[in-house]
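For reference, target.txt (compact mmCIF, C-alpha atoms and all ligand atoms):
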```txt
# COMPACT_ATOMS: atom_id res chain seq x y z
CA MET A 1 -12.36 -10.88 26.56
CA LYS A 2 -15.69 -11.84 25.07
CA PHE A 3 -15.99 -9.34 22.27
CA ARG A 4 -12.94 -8.67 20.16
CA GLN A 5 -12.61 -6.64 17.00
CA SER A 6 -12.91 -8.67 13.85
CA SER A 7 -9.77 -10.00 12.22
CA LYS A 8 -10.60 -7.83 9.22
CA LEU A 9 -9.33 -4.88 11.26
CA LYS A 10 -5.95 -6.46 11.98
CA ASP A 11 -3.89 -4.22 9.69
CA VAL A 12 -6.27 -1.28 9.53
CA CYS A 13 -5.33 2.00 11.16
CA TYR A 14 -6.36 5.65 10.91
CA GLU A 15 -4.11 7.80 13.04
CA ILE A 16 -5.70 11.16 12.17
CA ARG A 17 -8.40 10.34 14.67
CA GLY A 18 -6.23 7.82 16.48
CA PRO A 19 -5.37 7.24 20.16
CA VAL A 20 -3.75 10.66 20.66
CA VAL A 21 -7.23 12.19 20.21
CA ASP A 22 -8.27 10.68 23.56
CA GLN A 23 -5.36 12.46 25.23
CA ALA A 24 -6.33 15.73 23.53
CA ASN A 25 -9.91 15.30 24.76
CA ALA A 26 -8.69 14.56 28.30
CA LEU A 27 -6.56 17.72 28.27
CA GLU A 28 -9.54 19.80 27.18
CA GLU A 29 -11.72 18.24 29.85
CA ALA A 30 -9.06 19.23 32.37
CA GLY A 31 -9.42 22.84 31.24
CA HIS A 32 -6.54 23.19 28.75
CA SER A 33 -7.00 24.76 25.37
CA VAL A 34 -5.70 22.40 22.66
CA LEU A 35 -4.81 23.56 19.16
CA ARG A 36 -6.34 20.80 17.03
CA LEU A 37 -4.20 20.42 13.95
CA ASN A 38 -4.93 16.74 13.42
CA THR A 39 -7.76 17.16 10.90
CA GLY A 40 -8.42 19.42 7.93
CA ASN A 41 -11.61 20.81 9.45
CA PRO A 42 -12.00 24.49 8.44
CA ALA A 43 -15.00 25.40 10.67
CA PRO A 44 -13.23 25.80 14.05
CA PHE A 45 -10.81 28.31 12.51
CA GLY A 46 -13.42 30.91 11.61
CA PHE A 47 -14.29 29.71 8.11
CA GLU A 48 -18.00 30.34 7.71
CA VAL A 49 -20.41 28.34 5.56
CA PRO A 50 -21.01 30.21 2.27
CA GLU A 51 -24.35 32.01 2.64
CA GLU A 52 -25.97 30.62 -0.53
CA ILE A 53 -25.29 27.05 0.63
CA LEU A 54 -26.75 27.68 4.05
CA GLN A 55 -29.85 29.33 2.61
CA ASP A 56 -30.42 26.48 0.16
CA ILE A 57 -30.25 23.90 2.91
CA ILE A 58 -32.61 25.91 5.12
CA ARG A 59 -35.05 26.43 2.25
CA ASN A 60 -35.11 22.73 1.37
CA LEU A 61 -35.10 21.29 4.86
CA PRO A 62 -38.91 20.99 5.09
CA ARG A 63 -38.89 18.57 2.17
CA ALA A 64 -35.66 16.74 2.92
CA HIS A 65 -37.04 14.29 5.44
CA GLY A 66 -37.63 11.35 3.11
CA TYR A 67 -35.11 8.93 1.66
CA SER A 68 -33.78 10.00 -1.73
CA ASP A 69 -32.72 7.87 -4.67
CA ALA A 70 -29.82 5.66 -3.57
CA ARG A 71 -27.42 7.63 -5.77
CA GLY A 72 -28.73 10.98 -4.51
CA ILE A 73 -31.14 13.71 -5.59
CA LEU A 74 -31.28 14.56 -9.27
CA PRO A 75 -30.54 18.32 -9.13
CA ALA A 76 -27.32 17.64 -7.24
CA ARG A 77 -26.26 14.85 -9.59
CA ARG A 78 -27.07 17.11 -12.53
CA ALA A 79 -24.89 19.87 -11.07
CA VAL A 80 -22.01 17.41 -10.57
CA THR A 81 -22.45 16.11 -14.13
CA GLN A 82 -22.27 19.64 -15.52
CA TYR A 83 -19.22 20.43 -13.41
CA TYR A 84 -17.28 17.54 -14.95
CA GLN A 85 -18.59 18.25 -18.46
CA GLN A 86 -17.25 21.79 -18.07
CA ARG A 87 -13.94 20.37 -16.90
CA GLY A 88 -13.68 18.38 -20.12
CA VAL A 89 -14.75 14.92 -18.98
CA THR A 90 -16.69 13.27 -21.79
CA GLY A 91 -19.60 10.84 -21.66
CA VAL A 92 -20.69 11.54 -18.07
CA THR A 93 -24.43 11.38 -17.30
CA VAL A 94 -26.40 11.69 -14.06
CA ASP A 95 -26.34 7.89 -13.80
CA ASP A 96 -22.56 8.03 -13.40
CA VAL A 97 -22.77 10.22 -10.30
CA TYR A 98 -23.12 8.83 -6.78
CA LEU A 99 -23.55 11.18 -3.83
CA GLY A 100 -22.27 10.20 -0.43
CA ASN A 101 -21.90 11.16 3.20
CA GLY A 102 -18.60 12.79 2.38
CA ALA A 103 -16.10 11.42 -0.09
CA SER A 104 -15.06 9.04 2.71
CA GLU A 105 -18.17 6.90 2.43
CA LEU A 106 -17.80 6.66 -1.34
CA ILE A 107 -14.12 5.75 -1.08
CA GLN A 108 -15.09 2.87 1.19
CA MET A 109 -17.91 1.72 -1.08
CA ALA A 110 -15.82 1.98 -4.24
CA VAL A 111 -12.97 -0.07 -2.78
CA GLN A 112 -15.24 -2.65 -1.12
CA ALA A 113 -16.97 -3.25 -4.44
CA LEU A 114 -13.67 -3.72 -6.28
CA VAL A 115 -11.16 -5.55 -4.15
CA ASP A 116 -10.96 -9.28 -3.52
CA ASP A 117 -8.63 -10.90 -0.99
CA GLY A 118 -5.08 -10.50 -2.19
CA ASP A 119 -5.83 -7.98 -4.91
CA GLU A 120 -3.26 -5.20 -5.05
CA VAL A 121 -3.95 -1.48 -5.11
CA LEU A 122 -1.24 1.11 -5.71
CA VAL A 123 -1.45 3.88 -3.12
CA PRO A 124 0.96 6.81 -2.68
CA ALA A 125 3.31 7.07 0.31
CA PRO A 126 2.67 9.32 2.07
CA ASP A 127 -1.07 9.01 1.54
CA TYR A 128 -4.32 10.23 2.98
CA PRO A 129 -4.52 7.16 5.22
CA LEU A 130 -8.15 6.35 4.60
CA TRP A 131 -7.03 4.84 1.29
CA THR A 132 -4.59 2.38 2.84
CA ALA A 133 -7.10 1.57 5.58
CA VAL A 134 -10.02 0.79 3.28
CA VAL A 135 -7.98 -1.33 0.87
CA ARG A 136 -6.75 -3.45 3.77
CA PHE A 137 -10.22 -3.61 5.30
CA ALA A 138 -11.47 -4.94 1.96
CA GLY A 139 -8.85 -7.71 2.13
CA GLY A 140 -6.60 -6.12 -0.47
CA ARG A 141 -2.85 -5.67 -0.42
CA VAL A 142 -1.66 -2.07 -0.43
CA VAL A 143 1.42 -1.49 -2.55
CA HIS A 144 2.81 1.94 -1.77
CA TYR A 145 4.50 3.94 -4.50
CA ALA A 146 6.96 6.51 -3.24
CA CYS A 147 6.49 10.25 -3.61
CA ASP A 148 9.83 12.04 -3.70
CA GLU A 149 10.33 15.02 -1.42
CA GLU A 150 13.34 16.09 -3.52
CA ALA A 151 11.08 16.27 -6.59
CA ASP A 152 8.33 18.46 -5.07
CA TRP A 153 6.73 15.28 -3.77
CA TYR A 154 6.04 13.92 -7.26
CA PRO A 155 5.89 10.15 -7.63
CA ASP A 156 8.31 8.40 -9.95
CA LEU A 157 6.64 6.65 -12.90
CA ASP A 158 9.34 3.97 -13.05
CA ASP A 159 8.73 3.14 -9.40
CA ILE A 160 5.00 2.82 -10.07
CA ALA A 161 5.60 0.68 -13.17
CA ALA A 162 7.95 -1.64 -11.27
CA LYS A 163 5.26 -2.28 -8.65
CA ILE A 164 2.51 -3.36 -11.04
CA THR A 165 1.81 -7.09 -11.00
CA ASP A 166 -0.92 -9.28 -12.44
CA ARG A 167 -2.81 -8.79 -9.16
CA THR A 168 -2.85 -4.99 -9.44
CA LYS A 169 -6.42 -3.75 -9.86
CA ALA A 170 -6.25 0.00 -9.37
CA ILE A 171 -4.08 3.01 -8.71
CA VAL A 172 -4.99 5.77 -6.27
CA VAL A 173 -3.94 9.31 -7.19
CA ILE A 174 -4.48 12.10 -4.64
CA ASN A 175 -4.19 15.42 -6.45
CA PRO A 176 -3.88 18.05 -4.95
CA ASN A 177 -2.23 15.91 -2.37
CA ASN A 178 -2.90 15.46 1.30
CA PRO A 179 -0.47 15.50 3.15
CA THR A 180 2.23 16.94 0.85
CA GLY A 181 0.41 19.82 -0.90
CA ALA A 182 1.74 18.66 -4.29
CA VAL A 183 -0.28 19.42 -7.42
CA TYR A 184 0.66 17.18 -10.32
CA SER A 185 1.53 18.27 -13.84
CA LYS A 186 -0.45 17.16 -16.87
CA GLU A 187 2.57 15.15 -18.06
CA LEU A 188 2.80 13.19 -14.83
CA LEU A 189 -0.92 12.44 -14.83
CA GLU A 190 -0.74 11.34 -18.46
CA GLY A 191 2.16 9.07 -17.54
CA ILE A 192 0.10 7.45 -14.79
CA LEU A 193 -2.86 7.09 -17.16
CA GLU A 194 -0.62 5.42 -19.72
CA LEU A 195 0.41 2.83 -17.11
CA ALA A 196 -3.24 2.32 -16.19
CA ARG A 197 -4.15 1.91 -19.86
CA ARG A 198 -1.32 -0.53 -20.55
CA HIS A 199 -2.01 -2.70 -17.50
CA GLY A 200 -5.80 -2.42 -17.38
CA LEU A 201 -5.97 -0.62 -14.03
CA MET A 202 -8.86 1.41 -12.68
CA VAL A 203 -7.86 4.95 -11.68
CA LEU A 204 -9.17 6.17 -8.32
CA ALA A 205 -8.68 9.93 -8.48
CA ASP A 206 -9.15 11.74 -5.17
CA GLU A 207 -9.52 15.39 -6.16
CA ILE A 208 -11.21 16.80 -3.07
CA TYR A 209 -8.81 19.78 -3.02
CA ASP A 210 -9.22 20.61 -6.72
CA LYS A 211 -10.16 24.21 -5.97
CA ILE A 212 -7.58 24.90 -3.27
CA LEU A 213 -4.64 25.98 -5.41
CA TYR A 214 -1.92 28.57 -4.80
CA ASP A 215 0.35 30.71 -6.98
CA GLY A 216 -1.84 30.36 -10.08
CA THR A 217 -1.27 26.58 -10.16
CA GLU A 218 -3.57 24.76 -12.56
CA HIS A 219 -5.38 21.58 -11.60
CA HIS A 220 -5.84 18.92 -14.26
CA CYS A 221 -8.85 16.70 -13.72
CA MET A 222 -7.51 13.22 -14.42
CA ALA A 223 -10.75 11.96 -15.96
CA ALA A 224 -10.54 14.70 -18.58
CA LEU A 225 -7.13 13.47 -19.74
CA ALA A 226 -8.24 10.01 -20.86
CA ASP A 227 -11.62 8.75 -22.05
CA ASP A 228 -10.32 5.20 -22.48
CA VAL A 229 -9.42 4.47 -18.83
CA VAL A 230 -12.10 3.65 -16.26
CA THR A 231 -11.73 6.45 -13.73
CA LEU A 232 -13.57 7.12 -10.48
CA THR A 233 -13.24 10.75 -9.40
CA PHE A 234 -13.94 11.63 -5.75
CA ASN A 235 -14.75 15.10 -4.57
CA GLY A 236 -17.07 16.96 -2.21
CA LEU A 237 -17.97 20.07 -0.28
CA SER A 238 -15.89 19.54 2.87
CA LYS A 239 -12.83 21.52 1.86
CA SER A 240 -13.54 23.86 -1.07
CA TYR A 241 -16.83 24.96 0.54
CA ARG A 242 -15.71 24.63 4.19
CA VAL A 243 -18.70 22.48 5.23
CA ALA A 244 -16.96 19.28 6.34
CA GLY A 245 -19.67 18.64 8.92
CA TYR A 246 -22.44 18.50 6.33
CA ARG A 247 -20.89 15.25 5.03
CA SER A 248 -21.52 15.89 1.36
CA GLY A 249 -19.40 14.30 -1.35
CA TRP A 250 -19.63 12.65 -4.74
CA LEU A 251 -18.10 10.05 -6.97
CA VAL A 252 -18.19 10.21 -10.77
CA VAL A 253 -17.54 7.25 -13.04
CA SER A 254 -15.99 7.98 -16.45
CA GLY A 255 -14.20 6.17 -19.27
CA PRO A 256 -15.25 2.91 -20.96
CA LYS A 257 -17.99 2.01 -18.49
CA GLU A 258 -18.93 -1.13 -20.43
CA GLN A 259 -15.67 -2.63 -19.12
CA ALA A 260 -16.91 -2.01 -15.60
CA ALA A 261 -20.59 -2.96 -15.96
CA ASP A 262 -20.37 -5.78 -13.42
CA TYR A 263 -18.37 -3.66 -10.98
CA LEU A 264 -20.87 -0.80 -11.30
CA GLU A 265 -23.72 -3.18 -10.56
CA GLY A 266 -21.96 -4.03 -7.30
CA LEU A 267 -21.26 -0.39 -6.52
CA THR A 268 -24.89 0.52 -7.12
CA MET A 269 -25.99 -2.29 -4.82
CA LEU A 270 -23.72 -0.94 -2.07
CA ALA A 271 -25.17 2.54 -2.66
CA GLY A 272 -28.62 1.04 -2.15
CA MET A 273 -27.59 -0.86 0.98
CA ARG A 274 -26.84 2.43 2.73
CA LEU A 275 -30.32 3.51 1.50
CA CYS A 276 -29.19 7.00 0.51
CA PRO A 277 -26.83 9.73 1.65
CA ASN A 278 -28.01 12.34 4.16
CA VAL A 279 -30.62 14.26 2.18
CA PRO A 280 -30.40 17.85 3.58
CA ALA A 281 -26.69 17.97 2.72
CA GLN A 282 -27.41 16.95 -0.87
CA TYR A 283 -29.26 20.23 -1.31
CA ALA A 284 -25.99 22.05 -0.77
CA VAL A 285 -24.38 20.58 -3.89
CA GLN A 286 -26.23 22.50 -6.58
CA ALA A 287 -25.97 25.79 -4.69
CA ALA A 288 -22.24 25.22 -4.19
CA LEU A 289 -21.28 24.21 -7.70
CA GLY A 290 -23.58 26.74 -9.38
CA GLY A 291 -22.83 29.68 -7.11
CA ARG A 292 -19.98 32.07 -6.63
CA GLN A 293 -16.75 30.24 -5.85
CA SER A 294 -15.76 32.05 -2.68
CA ILE A 295 -12.75 29.75 -2.21
CA GLN A 296 -11.08 31.76 -4.96
CA ASP A 297 -10.94 34.83 -2.69
CA LEU A 298 -9.18 32.75 -0.04
CA THR A 299 -6.55 31.42 -2.45
CA LEU A 300 -5.70 34.71 -4.19
CA PRO A 301 -2.14 35.96 -3.50
CA THR A 302 -3.68 38.22 -0.82
CA GLY A 303 -6.18 35.60 0.35
CA ARG A 304 -6.32 34.16 3.82
CA LEU A 305 -5.35 30.59 2.88
CA THR A 306 -2.38 31.75 0.81
CA GLU A 307 -1.13 33.97 3.62
CA GLN A 308 -1.42 31.11 6.10
CA ARG A 309 0.35 28.71 3.73
CA ASP A 310 3.18 31.27 3.37
CA VAL A 311 3.50 31.93 7.10
CA ALA A 312 3.48 28.23 7.99
CA TRP A 313 6.00 27.34 5.29
CA ARG A 314 8.42 30.12 6.27
CA ALA A 315 8.13 29.63 10.02
CA LEU A 316 8.50 25.83 9.89
CA ASN A 317 11.58 26.14 7.70
CA GLU A 318 13.09 28.53 10.28
CA ILE A 319 13.08 25.82 12.97
CA PRO A 320 16.57 24.27 13.06
CA GLY A 321 16.45 20.76 11.60
CA VAL A 322 12.96 21.19 10.09
CA SER A 323 12.28 21.68 6.39
CA CYS A 324 9.26 21.49 4.15
CA VAL A 325 8.34 21.84 0.51
CA LYS A 326 6.08 24.78 -0.31
CA PRO A 327 2.59 23.41 -1.04
CA LYS A 328 0.93 24.25 -4.35
CA GLY A 329 -2.50 23.24 -3.13
CA ALA A 330 -4.61 21.79 -0.26
CA LEU A 331 -4.30 22.70 3.42
CA TYR A 332 -1.17 20.93 4.67
CA LEU A 333 2.61 20.83 4.87
CA PHE A 334 4.47 17.58 5.32
CA ALA A 335 7.49 18.70 7.33
CA ARG A 336 10.77 16.81 7.57
CA LEU A 337 12.77 16.39 10.76
CA ASP A 338 16.44 16.12 9.86
CA PRO A 339 17.56 12.83 11.51
CA ASP A 340 21.00 14.35 12.20
CA VAL A 341 19.37 17.02 14.37
CA HIS A 342 16.23 15.31 15.71
CA LYS A 343 16.76 11.64 16.46
CA ILE A 344 13.17 10.48 16.54
CA VAL A 345 12.60 6.75 16.84
CA ASP A 346 8.88 6.84 17.62
CA ASP A 347 6.98 9.65 15.94
CA GLU A 348 3.68 8.80 17.64
CA ARG A 349 5.42 9.44 20.94
CA LEU A 350 6.77 12.68 19.49
CA VAL A 351 3.27 14.01 18.74
CA LEU A 352 1.97 12.78 22.07
CA ASP A 353 4.79 14.55 23.95
CA LEU A 354 4.18 17.71 21.91
CA LEU A 355 0.51 17.55 22.82
CA LEU A 356 1.20 17.06 26.52
CA ARG A 357 3.79 19.81 26.70
CA GLU A 358 2.58 22.43 24.23
CA LYS A 359 -1.10 21.46 23.78
CA ILE A 360 -0.73 21.23 20.00
CA HIS A 361 -2.15 18.15 18.29
CA LEU A 362 -0.34 17.14 15.07
CA VAL A 363 -0.30 13.81 13.25
CA GLN A 364 2.95 11.92 12.87
CA GLY A 365 4.30 11.12 9.40
CA THR A 366 3.98 7.36 9.84
CA GLY A 367 0.24 7.99 10.30
CA PHE A 368 0.28 8.78 6.58
CA ASN A 369 2.06 5.53 5.79
CA TRP A 370 5.37 7.29 5.46
CA PRO A 371 7.96 4.59 6.15
CA ARG A 372 10.27 6.48 8.57
CA PRO A 373 9.60 8.42 11.81
CA ASP A 374 11.00 11.67 10.41
CA HIS A 375 7.99 13.73 9.28
CA PHE A 376 4.87 15.33 10.67
CA ARG A 377 1.86 16.92 9.00
CA PHE A 378 0.98 20.52 9.72
CA VAL A 379 -2.48 21.98 8.96
CA THR A 380 -2.50 25.55 7.62
CA LEU A 381 -6.04 26.47 8.72
CA PRO A 382 -5.39 28.70 11.78
CA ARG A 383 -4.99 32.44 11.30
CA ALA A 384 -1.46 33.73 10.62
CA ASP A 385 -0.78 35.00 14.17
CA GLU A 386 -1.96 31.73 15.69
CA LEU A 387 0.25 29.82 13.26
CA GLU A 388 3.29 31.92 14.18
CA THR A 389 2.71 31.25 17.87
CA ALA A 390 2.09 27.53 17.36
CA ILE A 391 5.19 27.05 15.22
CA HIS A 392 7.28 29.03 17.71
CA ARG A 393 6.09 26.62 20.39
CA ILE A 394 6.87 23.58 18.22
CA GLY A 395 10.39 25.00 17.68
CA ARG A 396 10.84 25.54 21.42
CA PHE A 397 9.65 22.00 22.13
CA LEU A 398 11.94 20.44 19.52
CA SER A 399 15.00 22.40 20.72
CA THR A 400 15.09 20.36 23.95
CA TYR A 401 13.25 17.20 22.89
CA ARG A 402 15.15 13.90 23.05
CA GLN A 403 13.98 10.31 22.70
N1 LIG B 501 -9.74 12.64 0.51
C1 LIG B 501 -8.78 13.39 1.05
C2 LIG B 501 -7.47 13.51 0.34
C3 LIG B 501 -8.99 14.06 2.26
O1 LIG B 501 -8.02 14.81 2.78
C4 LIG B 501 -10.24 13.91 2.92
C5 LIG B 501 -10.48 14.55 4.22
O2 LIG B 501 -9.61 15.07 4.86
C6 LIG B 501 -11.20 13.11 2.30
C7 LIG B 501 -10.92 12.49 1.11
C8 LIG B 501 -12.55 12.88 2.93
O3 LIG B 501 -13.37 13.99 2.85
P1 LIG B 501 -14.92 13.98 3.20
O4 LIG B 501 -15.30 12.63 3.66
O5 LIG B 501 -15.09 15.01 4.27
O6 LIG B 501 -15.61 14.37 1.93
```
Write the structure described by the file as C-alpha cells, please.
Ligand code: PLP
Amino acid sequence: MKFRQSSKLKDVCYEIRGPVVDQANALEEAGHSVLRLNTGNPAPFGFEVPEEILQDIIRNLPRAHGYSDARGILPARRAVTQYYQQRGVTGVTVDDVYLGNGASELIQMAVQALVDDGDEVLVPAPDYPLWTAVVRFAGGRVVHYACDEEADWYPDLDDIAAKITDRTKAIVVINPNNPTGAVYSKELLEGILELARRHGLMVLADEIYDKILYDGTEHHCMAALADDVVTLTFNGLSKSYRVAGYRSGWLVVSGPKEQAADYLEGLTMLAGMRLCPNVPAQYAVQAALGGRQSIQDLTLPTGRLTEQRDVAWRALNEIPGVSCVKPKGALYLFARLDPDVHKIVDDERLVLDLLLREKIHLVQGTGFNWPRPDHFRFVTLPRADELETAIHRIGRFLSTYRQ
C-alpha cells in the first residue's frame, strides 16, 4: 500500500465514532432505524437549541464572516471570564480564555503544546477516550488511574499518588464524569490538587457537564479550589446548551501563570495556527452564559433529563446480570455485565452483535479504556418510553447472547 497512516497513530483509538459506526450507517442505508446511543448528542432526541442562543447567532451572522482574534471574540471571552470569576476562580482575565471548535479542539491543542515524547499524563480509567487518544498522539505515555465502581466511581488518591513519577506532567480530571456519571466531592478534588501541588503537575479539568447535575448535587469548579496550581479548565456549549453541532467550547488558564509562561506561548501559537475558531458559534457564548439557564429545568427532580436518568438506571439494573451506579451528573451510565452471568470476551463484538440484532448502537467499556470487557456505556438522552423499549431489547438480547 502506498499511503499508510503515520506511525503517530499507532496506539491512538477513538471507539465512540469507531468501526461499528460504519455498520450502523450501512444498516440505516438498508432501511433500518438505528437507535444511536454511541455519542452524547442531544439534538436528535428532541432537545431544541435555546431560543436566545439561536437569535444571537442569527443576528450576528452578517458580521461573522471574517476571521476573529486567534483566541476568539472579546464579548465571548469576557462572558467566560465573568463566569469563572463568579464561580470563585481568581486572577482570570480575557487573555486567559481561548475559544475553540468545541472543547475537543482545545483538548488537542493543550496536550500537543505540553507533552514531549515519553512524558506521562495521568488519565482516569474509564475515561472520555479523547484524552487517552490525544496524549498518545502527542507522543506521551498515558498512565491510567483507576476509578472504583464500588466507591461511586471515585478514584483512589493513593492509587494516583503511587503512579506519579518524575516524568508525570499533568493529571486529567473529568468532573462530572463521562462515562460514569460521578460528580466528585470537594475533599476528593482538594486531595488531587494537593498531589498536583506537591509534584508540580498541571491540572487538566474537563468540566463540560458542570451544569448537568441531579439530586441537588453540587459541582465544585477545580480551579476555584486552588490558586497555586496551574489549571486548564475545559468547557463549552455542546452539552449544557444542547448545541453540540455549533462546535463552541472554551479553555481557561488559571493559577500561577508565570510558571507556565513558556507553555502558554506555545499554546497561543497553536491557537494562531488554526487561525481562529468558527466565528458564528462564538456569538452563542455570551447569550448562553448570560441568559436563562434552561438546563436547570431539565435537571429538576421533575425534569426530562432526571426522569430519563431514573428510568435508565432502574431498567438497566432490572436486567439479570447487569448493574450500574446511579449517576449524579452528565448523560451516561457505565453498566457492568456480571462475568458470572455474561461471559463476554470481546466487548466490541458484543456491541456489534447488539447493533446487528437489535439496531441499538452502544459503545463497549474497553472503548473508554476500561481494562476488562465487562462494561458498556448507555446514553440517557432518549425519551423515557424509548429508553424503556431499548433497555427491554438489550435485556432480551443478553438473555440468549453467548460468545
Ligand atoms: N469532554 C467530555 C468529557 C465529553 O464527553 C465531550 C463530548 O462528548 C467533550 C469533552 C467534547 O465536547 P465538544 O468538543 O463538543 O465541546
Can you pull out every residue with an atom within 6 Å of ligand LIG 501 (chain B)? Use all atoms listed in the file and format it as an MDAnalysis selection string. chainID A and resid 40 102:104 128 174 178 206 208 236 238 244 247 249
Which residues, written as a ChimeraX atom specification, have at least one atom at most 12 Å from segment 34-36 of chain A, with all atoms listed in the file counted and residues fewer than 2 positions away on the same chain left out? /A:16-17,20-21,23-32,38-45,351,354-363,378-383,386-387,389-391,393-394
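The list of residues with at least one atom within 12 Å of Gln82 of chain A, based on all atoms listed in the file and without residues fewer than 2 positions apart in the same chain, reads Pro75, Ala76, Arg77, Arg78, Ala79, Val80, Tyr84, Gln85, Gln86, Arg87, Gly88, Val89, Thr90, Gly91, Val92, Thr93, Val94, Asp96, Val97, Val252, Val285, Gln286, Leu289 and Gly290 of chain A.
With distances taken over all atoms listed in the file, A:Lys169 is the one residue among A:Lys169, A:Lys163, A:Arg396, A:Arg71 lying closest to Gly118 of chain A.
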Distance query segment 50-56 of chain A at most 10 Å, only C-alpha atoms, self and fewer than 6 positions along chain excluded, as number ranges by chain: A: 241-243, 280-281, 283-295
If I put a ball of radius 8 Å at (-8.5, -3.3, -0.1) in the file's coordinates, which residues poke into it when counting only C-alpha atoms, written as an NGL selection string? :A and (111-112 or 115-117 or 119-121 or 132-142)
Those same residues - C-alpha atoms - I'd like them written as a CSV table (one decimal), keeping the file's coordinate frame.
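Just written: again.csv:
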```csv
chain,number,residue,atom,x,y,z
A,111,VAL,CA,-13.0,-0.1,-2.8
A,112,GLN,CA,-15.2,-2.6,-1.1
A,115,VAL,CA,-11.2,-5.6,-4.2
A,116,ASP,CA,-11.0,-9.3,-3.5
A,117,ASP,CA,-8.6,-10.9,-1.0
A,119,ASP,CA,-5.8,-8.0,-4.9
A,120,GLU,CA,-3.3,-5.2,-5.0
A,121,VAL,CA,-4.0,-1.5,-5.1
A,132,THR,CA,-4.6,2.4,2.8
A,133,ALA,CA,-7.1,1.6,5.6
A,134,VAL,CA,-10.0,0.8,3.3
A,135,VAL,CA,-8.0,-1.3,0.9
A,136,ARG,CA,-6.8,-3.4,3.8
A,137,PHE,CA,-10.2,-3.6,5.3
A,138,ALA,CA,-11.5,-4.9,2.0
A,139,GLY,CA,-8.8,-7.7,2.1
A,140,GLY,CA,-6.6,-6.1,-0.5
A,141,ARG,CA,-2.8,-5.7,-0.4
A,142,VAL,CA,-1.7,-2.1,-0.4
```
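What separates atom CA of Ile212 of chain A from atom CA of Arg309 of chain A is a distance of 11.2 Å.
For the choices A:Asp158, A:Glu207, A:Asp22, A:Glu388, the atom-to-atom distance to Asn177 of chain A is smallest for A:Glu207 when using only C-alpha atoms.
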With all atoms listed in the file as the basis for distance, which of A:Met269, A:Leu9, A:Leu305, A:Met222 is at the shortest distance from Gly46 of chain A? A:Leu305
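Nearest-residue note for Gln108 of chain A: choosing from A:Gly200, A:Gly66, A:Leu188, A:Phe234, the minimum distance belongs to A:Phe234, counting only C-alpha atoms.
Across the model, the gap from atom CA of Thr217 of chain A to atom CA of Leu300 of chain A is 11.0 Å.
Each of A:Ala335, A:Leu298, A:Val279, A:Ala162 was compared to Ser248 of chain A using all atoms listed in the file, and A:Val279 turns out to be the nearest.
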I'd like the neighbourhood of Ser323 of chain A as a PyMOL selection string, where a residue qualifies if any of its atoms comes within 8 Å (using only C-alpha atoms), though same-chain residues fewer than 6 positions away should be ignored. chain A and resi 316-317+335-338
Would you kindly identify which residues have an atom no farther than 7 Å from (5.5, 6.7, -15.7), using only C-alpha atoms and the file's own coordinates, and write them out as a VMD selection string? chain A and resid 156 to 158 160 to 161 191 to 192 195
Which residues, written as a compact mmCIF listing (two decimals) with C-alpha atoms, in the frame of the given file, have at least one atom at most 7 Å from Ala125 of chain A, with all atoms listed in the file counted and residues fewer than 5 positions away on the same chain left out?
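The resulting file, out13.txt, is reproduced below:
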```
# COMPACT_ATOMS: atom_id res chain seq x y z
CA HIS A 144 2.81 1.94 -1.77
CA TYR A 145 4.50 3.94 -4.50
CA ALA A 146 6.96 6.51 -3.24
CA CYS A 147 6.49 10.25 -3.61
CA ASN A 369 2.06 5.53 5.79
CA TRP A 370 5.37 7.29 5.46
```
